[in-house]
file my_file-v4.pdb (PDB, C-alpha atoms)
ATOM      1  CA  MET S  30     110.520 107.765 105.784
ATOM      2  CA  ASN S  31     107.191 107.797 103.944
ATOM      3  CA  SER S  32     106.563 105.897 100.750
ATOM      4  CA  ILE S  33     104.491 107.943  98.300
ATOM      5  CA  LEU S  34     103.035 106.593  95.077
ATOM      6  CA  VAL S  35     102.704 109.061  92.202
ATOM      7  CA  ASN S  36     100.197 107.630  89.734
ATOM      8  CA  GLY S  37     101.199 109.053  86.343
ATOM      9  CA  ILE S  38     100.081 106.076  84.264
ATOM     10  CA  SER S  39      98.220 108.252  81.761
ATOM     11  CA  ALA S  40     100.883 110.976  81.425
ATOM     12  CA  LYS S  41     101.817 110.139  77.828
ATOM     13  CA  TRP S  42     101.451 113.585  76.256
ATOM     14  CA  GLY S  43      99.878 117.020  76.574
ATOM     15  CA  GLY S  44      98.835 118.472  79.898
ATOM     16  CA  GLY S  45      99.267 115.264  81.880
ATOM     17  CA  LYS S  46     102.864 114.889  80.744
ATOM     18  CA  SER S  47     103.570 118.570  81.404
ATOM     19  CA  ILE S  48     102.235 118.278  84.962
ATOM     20  CA  LEU S  49     104.260 115.134  85.701
ATOM     21  CA  VAL S  50     107.459 116.534  84.171
ATOM     22  CA  ASN S  51     107.097 119.732  86.228
ATOM     23  CA  PHE S  52     106.448 117.725  89.393
ATOM     24  CA  LEU S  53     109.412 115.389  88.805
ATOM     25  CA  SER S  54     111.703 118.318  87.975
ATOM     26  CA  LEU S  55     110.858 119.996  91.272
ATOM     27  CA  LEU S  56     111.064 116.732  93.170
ATOM     28  CA  ASN S  57     114.444 115.954  91.639
ATOM     29  CA  ASN S  58     115.830 119.226  93.002
ATOM     30  CA  THR S  59     114.768 118.609  96.600
ATOM     31  CA  ASN S  60     116.449 116.576  99.296
ATOM     32  CA  LYS S  61     113.425 114.745 100.641
ATOM     33  CA  ASP S  62     113.836 111.726 102.879
ATOM     34  CA  ASP S  63     110.609 110.283 101.541
ATOM     35  CA  GLN S  64     110.588 107.609  98.859
ATOM     36  CA  PHE S  65     108.576 108.317  95.692
ATOM     37  CA  ILE S  66     107.380 105.494  93.470
ATOM     38  CA  VAL S  67     106.307 107.028  90.162
ATOM     39  CA  VAL S  68     104.215 104.889  87.815
ATOM     40  CA  VAL S  69     104.560 106.073  84.215
ATOM     41  CA  PRO S  70     103.531 104.766  80.790
ATOM     42  CA  ALA S  71     106.191 102.478  79.337
ATOM     43  CA  ASN S  72     106.338 104.326  76.024
ATOM     44  CA  ALA S  73     107.233 107.681  77.626
ATOM     45  CA  ASP S  74     110.784 108.496  78.707
ATOM     46  CA  TYR S  75     110.844 109.420  82.394
ATOM     47  CA  CYS S  76     113.923 107.411  83.429
ATOM     48  CA  ALA S  77     116.101 110.545  83.611
ATOM     49  CA  TYR S  78     114.205 111.564  86.773
ATOM     50  CA  ALA S  79     115.141 108.449  88.736
ATOM     51  CA  LYS S  80     117.442 108.834  91.715
ATOM     52  CA  LYS S  81     117.991 107.237  95.103
ATOM     53  CA  ASN S  82     114.573 108.165  96.511
ATOM     54  CA  ILE S  83     112.649 108.379  93.179
ATOM     55  CA  ILE S  84     111.778 105.018  91.668
ATOM     56  CA  ILE S  85     110.394 105.214  88.139
ATOM     57  CA  LEU S  86     108.140 102.263  87.266
ATOM     58  CA  PRO S  87     107.223 102.128  83.556
ATOM     59  CA  VAL S  88     104.055 100.079  83.070
ATOM     60  CA  LYS S  89     103.078  98.671  79.688
ATOM     61  CA  GLY S  90      99.485  98.670  78.685
ATOM     62  CA  SER S  91      96.714  99.812  76.432
ATOM     63  CA  SER S  92      93.417 101.482  77.209
ATOM     64  CA  LEU S  93      91.857  98.068  77.655
ATOM     65  CA  SER S  94      94.446  96.938  80.201
ATOM     66  CA  LEU S  95      93.843  99.975  82.433
ATOM     67  CA  CYS S  96      91.209  98.042  84.392
ATOM     68  CA  ARG S  97      93.769  95.354  85.190
ATOM     69  CA  TYR S  98      96.221  98.081  86.250
ATOM     70  CA  TYR S  99      93.748  99.885  88.532
ATOM     71  CA  PHE S 100      92.299  96.768  90.148
ATOM     72  CA  PHE S 101      95.352  94.500  90.400
ATOM     73  CA  THR S 102      98.773  95.886  89.417
ATOM     74  CA  ILE S 103      98.586  99.086  91.446
ATOM     75  CA  ARG S 104      97.525  97.138  94.545
ATOM     76  CA  ARG S 105     100.676  94.987  94.251
ATOM     77  CA  ILE S 106     102.816  98.126  93.917
ATOM     78  CA  ILE S 107     101.177  99.683  97.003
ATOM     79  CA  LYS S 108     101.819  96.525  99.013
ATOM     80  CA  LYS S 109     105.386  95.992  97.753
ATOM     81  CA  TYR S 110     106.521  99.523  98.609
ATOM     82  CA  ASN S 111     104.349  99.932 101.712
ATOM     83  CA  VAL S 112     102.759 103.067 100.239
ATOM     84  CA  SER S 113     101.139 105.430 102.766
ATOM     85  CA  LEU S 114      99.982 108.155 100.334
ATOM     86  CA  ILE S 115      98.951 108.298  96.666
ATOM     87  CA  PHE S 116      99.325 111.452  94.588
ATOM     88  CA  ASN S 117      97.043 110.584  91.698
ATOM     89  CA  LEU S 118      97.687 112.488  88.452
ATOM     90  CA  SER S 119      95.563 110.204  86.282
ATOM     91  CA  ASP S 120      91.941 110.458  85.192
ATOM     92  CA  ILE S 121      90.671 107.530  87.251
ATOM     93  CA  ILE S 122      90.571 107.409  91.042
ATOM     94  CA  VAL S 123      92.650 104.549  92.445
ATOM     95  CA  PRO S 124      90.143 102.123  94.060
ATOM     96  CA  VAL S 125      92.023 101.497  97.307
ATOM     97  CA  SER S 126      91.692 102.671 100.911
ATOM     98  CA  THR S 127      95.192 104.202 100.964
ATOM     99  CA  LYS S 128      95.079 107.980 101.550
ATOM    100  CA  GLN S 129      94.842 109.642  98.135
ATOM    101  CA  LEU S 130      95.211 113.153  96.711
ATOM    102  CA  TYR S 131      93.489 113.346  93.327
ATOM    103  CA  LEU S 132      94.524 115.961  90.774
ATOM    104  CA  PHE S 133      91.412 116.498  88.699
ATOM    105  CA  ASP S 134      92.163 117.640  85.148
ATOM    106  CA  TRP S 135      89.560 115.836  83.045
ATOM    107  CA  PRO S 136      86.995 118.399  81.811
ATOM    108  CA  TYR S 137      84.750 115.787  80.144
ATOM    109  CA  ALA S 138      83.585 114.733  83.606
ATOM    110  CA  ILE S 139      82.370 118.177  84.663
ATOM    111  CA  TYR S 140      80.893 119.296  81.338
ATOM    112  CA  PRO S 141      78.227 116.646  80.627
ATOM    113  CA  GLU S 142      76.252 119.189  78.585
ATOM    114  CA  SER S 143      79.141 119.788  76.182
ATOM    115  CA  ILE S 144      78.487 119.112  72.503
ATOM    116  CA  VAL S 145      81.788 117.249  72.375
ATOM    117  CA  TRP S 146      80.013 114.205  73.907
ATOM    118  CA  LYS S 147      77.773 114.041  70.823
ATOM    119  CA  ARG S 148      80.686 114.350  68.403
ATOM    120  CA  MET S 149      82.690 111.404  69.742
ATOM    121  CA  GLY S 150      82.896 108.091  67.958
ATOM    122  CA  ARG S 151      81.196 105.129  69.645
ATOM    123  CA  LYS S 152      84.436 103.567  70.973
ATOM    124  CA  GLU S 153      85.722 106.894  72.345
ATOM    125  CA  TRP S 154      82.303 107.644  73.904
ATOM    126  CA  LEU S 155      82.144 104.227  75.597
ATOM    127  CA  PHE S 156      85.694 104.522  76.951
ATOM    128  CA  ARG S 157      85.020 107.990  78.392
ATOM    129  CA  LYS S 158      81.700 106.883  79.877
ATOM    130  CA  LEU S 159      83.519 103.991  81.575
ATOM    131  CA  LYS S 160      86.059 106.412  83.067
ATOM    132  CA  LEU S 161      83.214 108.655  84.235
ATOM    133  CA  PHE S 162      81.453 105.654  85.815
ATOM    134  CA  LEU S 163      84.648 104.722  87.698
ATOM    135  CA  ILE S 164      85.116 108.306  88.915
ATOM    136  CA  LYS S 165      81.544 108.373  90.247
ATOM    137  CA  ARG S 166      81.949 104.921  91.793
ATOM    138  CA  PHE S 167      85.091 105.857  93.741
ATOM    139  CA  ILE S 168      84.515 109.601  94.306
ATOM    140  CA  HIS S 169      84.349 108.985  98.066
ATOM    141  CA  LEU S 170      87.947 107.704  98.305
ATOM    142  CA  PRO S 171      90.245 110.755  97.845
ATOM    143  CA  VAL S 172      90.866 112.806 100.970
ATOM    144  CA  LEU S 173      91.530 115.857  98.793
ATOM    145  CA  PHE S 174      90.677 116.883  95.237
ATOM    146  CA  ILE S 175      92.947 119.355  93.468
ATOM    147  CA  ALA S 176      91.355 121.513  90.776
ATOM    148  CA  GLN S 177      93.373 123.745  88.457
ATOM    149  CA  THR S 178      90.898 126.632  88.250
ATOM    150  CA  LYS S 179      88.141 128.164  90.356
ATOM    151  CA  VAL S 180      85.617 127.249  87.644
ATOM    152  CA  SER S 181      86.613 123.581  87.745
ATOM    153  CA  GLU S 182      86.458 123.656  91.559
ATOM    154  CA  VAL S 183      82.867 124.953  91.468
ATOM    155  CA  ARG S 184      81.797 122.460  88.790
ATOM    156  CA  LEU S 185      83.534 119.560  90.543
ATOM    157  CA  LYS S 186      81.797 120.318  93.842
ATOM    158  CA  LYS S 187      78.404 120.690  92.180
ATOM    159  CA  ARG S 188      78.666 117.711  89.809
ATOM    160  CA  PHE S 189      79.915 115.193  92.382
ATOM    161  CA  SER S 190      78.563 116.691  95.640
ATOM    162  CA  ILE S 191      81.988 116.938  97.260
ATOM    163  CA  GLU S 192      83.530 119.647  99.439
ATOM    164  CA  ASN S 193      87.192 118.721  99.860
ATOM    165  CA  VAL S 194      88.527 120.624  96.810
ATOM    166  CA  GLU S 195      91.485 123.011  96.671
ATOM    167  CA  VAL S 196      92.603 125.091  93.689
ATOM    168  CA  VAL S 197      96.250 124.721  92.632
ATOM    169  CA  PRO S 198      96.923 126.339  89.241
ATOM    170  CA  ASN S 199      99.247 124.458  86.907
ATOM    171  CA  ALA S 200     102.092 126.249  85.177
ATOM    172  CA  VAL S 201     102.399 125.393  81.490
ATOM    173  CA  SER S 202     106.073 124.641  81.863
ATOM    174  CA  LEU S 203     108.836 125.283  84.357
ATOM    175  CA  ASP S 204     110.988 126.342  81.398
ATOM    176  CA  ASN S 205     108.920 129.511  81.217
ATOM    177  CA  LEU S 206     110.103 130.470  84.695
ATOM    178  CA  THR S 207     113.798 130.115  83.960
ATOM    179  CA  GLY S 208     114.393 132.897  81.476
ATOM    180  CA  GLY S 209     112.810 131.296  78.430
ATOM    181  CA  ILE S 210     111.584 133.283  75.468
ATOM    182  CA  HIS S 211     108.822 135.786  76.261
ATOM    183  CA  LYS S 212     105.962 135.702  73.779
ATOM    184  CA  ASP S 213     103.387 138.450  73.370
ATOM    185  CA  PHE S 214     100.374 137.276  71.412
ATOM    186  CA  TYR S 215      98.880 140.806  71.265
ATOM    187  CA  LEU S 216      95.495 139.668  72.479
ATOM    188  CA  PRO S 217      92.897 142.466  72.629
ATOM    189  CA  SER S 218      92.360 142.827  76.381
ATOM    190  CA  LYS S 219      89.036 144.674  76.011
ATOM    191  CA  GLN S 220      87.498 141.710  74.195
ATOM    192  CA  LEU S 221      88.515 139.028  76.676
ATOM    193  CA  ASN S 222      85.725 137.892  78.980
ATOM    194  CA  SER S 223      85.966 135.730  82.056
ATOM    195  CA  CYS S 224      83.917 132.546  82.079
ATOM    196  CA  THR S 225      82.320 131.157  85.213
TER     197      THR S 225
END
call {"tool": "encode", "arguments": {"input": "my_file-v4.pdb", "output": "structure tokens"}}
result
Amino acid sequence: MNSILVNGISAKWGGGKSILVNFLSLLNNTNKDDQFIVVVPANADYCAYAKKNIIILPVKGSSLSLCRYYFFTIRRIIKKYNVSLIFNLSDIIVPVSTKQLYLFDWPYAIYPESIVWKRMGRKEWLFRKLKLFLIKRFIHLPVLFIAQTKVSEVRLKKRFSIENVEVVPNAVSLDNLTGGIHKDFYLPSKQLNSCT
């Protein structure tokens, strides 16, 4: 039996939460022998996904305590559960030698020329620059990077000089696959352009 850590510490809302909920929903419907330790933010409700081989670990913390989490707390979790693989769904690479798959979904890191960097407040800019510094510092650790689009794969490879990137598109929600409401937004197909 393998012990796999799923790092979902930043999955509080939006896309990160959607990805983690989809993953846990699929995982909950499989009969894997492996043990999954899923780290989640304490203020988000993920306890419904716990079962015999899925341990949900809510971790309290603020943006400022993330450094303590990444450099101390997560190491204790890895040791306690004898983790052999990390599936990292958070923005920051886990700074450990344990084999790690890193789902990259943070566009700020691959669009340094974006005007959004100039529109941020000082605190937000500093926090995002710190995350970017940590990504660059530990970019050599993941054995595989997962990008959600071909464009992000190309930018990720170019920006960080890495090769081990695979594209795995993310569904918006599994609910859409189970007979949910179909919505047609009547977008003019002739006016849509692809961006690369």
call {"tool": "residues_around", "arguments": {"input": "my_file-v4.pdb", "residues": "segment 139-142 of chain S", "least_positions_apart": "2", "cutoff": "9 Å", "atoms": "all atoms listed in the file", "output": "compact mmCIF listing (two decimals) with C-alpha atoms, keeping the file's coordinate frame"}}
result
# COMPACT_ATOMS: atom_id res chain seq x y z
CA TRP S 135 89.56 115.84 83.04
CA PRO S 136 87.00 118.40 81.81
CA TYR S 137 84.75 115.79 80.14
CA ILE S 144 78.49 119.11 72.50
CA VAL S 145 81.79 117.25 72.38
CA TRP S 146 80.01 114.20 73.91
CA SER S 181 86.61 123.58 87.74
CA ARG S 184 81.80 122.46 88.79
CA LEU S 185 83.53 119.56 90.54
CA LYS S 187 78.40 120.69 92.18
CA ARG S 188 78.67 117.71 89.81
CA PHE S 189 79.92 115.19 92.38
call {"tool": "residues_around", "arguments": {"input": "my_file-v4.pdb", "residues": "segment 44-58 of chain S", "least_positions_apart": "4", "cutoff": "10 Å", "atoms": "all atoms listed in the file", "output": "list in words"}}
result
Val35, Asn36, Gly37, Ile38, Ser39, Ala40, Phe65, Val67, Val69, Ala73, Tyr75, Ala77, Tyr78, Ala79, Lys80, Asn82, Ile83, Leu118, Ser119, Asp120, Leu132, Asp134, Trp135, Asn199, Ala200, Val201, Ser202, Leu203 and Asp204 of chain S
call {"tool": "closest_residue", "arguments": {"input": "my_file-v4.pdb", "among": "S:Pro70, S:Lys186, S:Ile103, S:Leu170", "to": "Gln129 of chain S", "atoms": "all atoms listed in the file"}}
result
S:Leu170
call {"tool": "residues_around", "arguments": {"input": "my_file-v4.pdb", "residues": "Ser113 of chain S", "least_positions_apart": "6", "cutoff": "9 Å", "atoms": "all atoms listed in the file", "output": "ChimeraX atom specification"}}
result
/S:31-34,107,127-129
call {"tool": "resolve_selection", "arguments": {"input": "my_file-v4.pdb", "expression": "the PyMOL selection byres ((chain S and resi 161-169) around 10)", "output": "list in words"}}
result
Cys96, Asp120, Ile121, Ile122, Val123, Pro124, Val125, Tyr131, Trp135, Tyr137, Ala138, Ile139, Leu155, Phe156, Arg157, Lys158, Leu159, Lys160, Leu170, Pro171, Val172, Leu173, Phe174, Arg188, Phe189, Ser190 and Ile191 of chain S
call {"tool": "atom_distance", "arguments": {"input": "my_file-v4.pdb", "atom1": "atom CA of Ile175 of chain S", "atom2": "atom CA of Val68 of chain S"}}
result
19.2 Å
call {"tool": "atom_distance", "arguments": {"input": "my_file-v4.pdb", "atom1": "atom CA of Phe133 of chain S", "atom2": "atom CA of Val194 of chain S"}}
result
9.5 Å
call {"tool": "atom_distance", "arguments": {"input": "my_file-v4.pdb", "atom1": "atom CA of Leu130 of chain S", "atom2": "atom CA of Glu192 of chain S"}}
result
13.6 Å
call {"tool": "residues_around", "arguments": {"input": "my_file-v4.pdb", "residues": "Pro198 of chain S", "least_positions_apart": "6", "cutoff": "8 Å", "atoms": "all atoms listed in the file", "output": "PyMOL selection string"}}
result
chain S and resi 176-178
call {"tool": "closest_residue", "arguments": {"input": "my_file-v4.pdb", "among": "S:Met30, S:Leu95, S:Val112, S:Gly43", "to": "Ile66 of chain S", "atoms": "only C-alpha atoms"}}
result
S:Val112
call {"tool": "closest_residue", "arguments": {"input": "my_file-v4.pdb", "among": "S:Lys147, S:Gln64, S:Asp74, S:Arg104", "to": "Ser126 of chain S", "atoms": "all atoms listed in the file"}}
result
S:Arg104
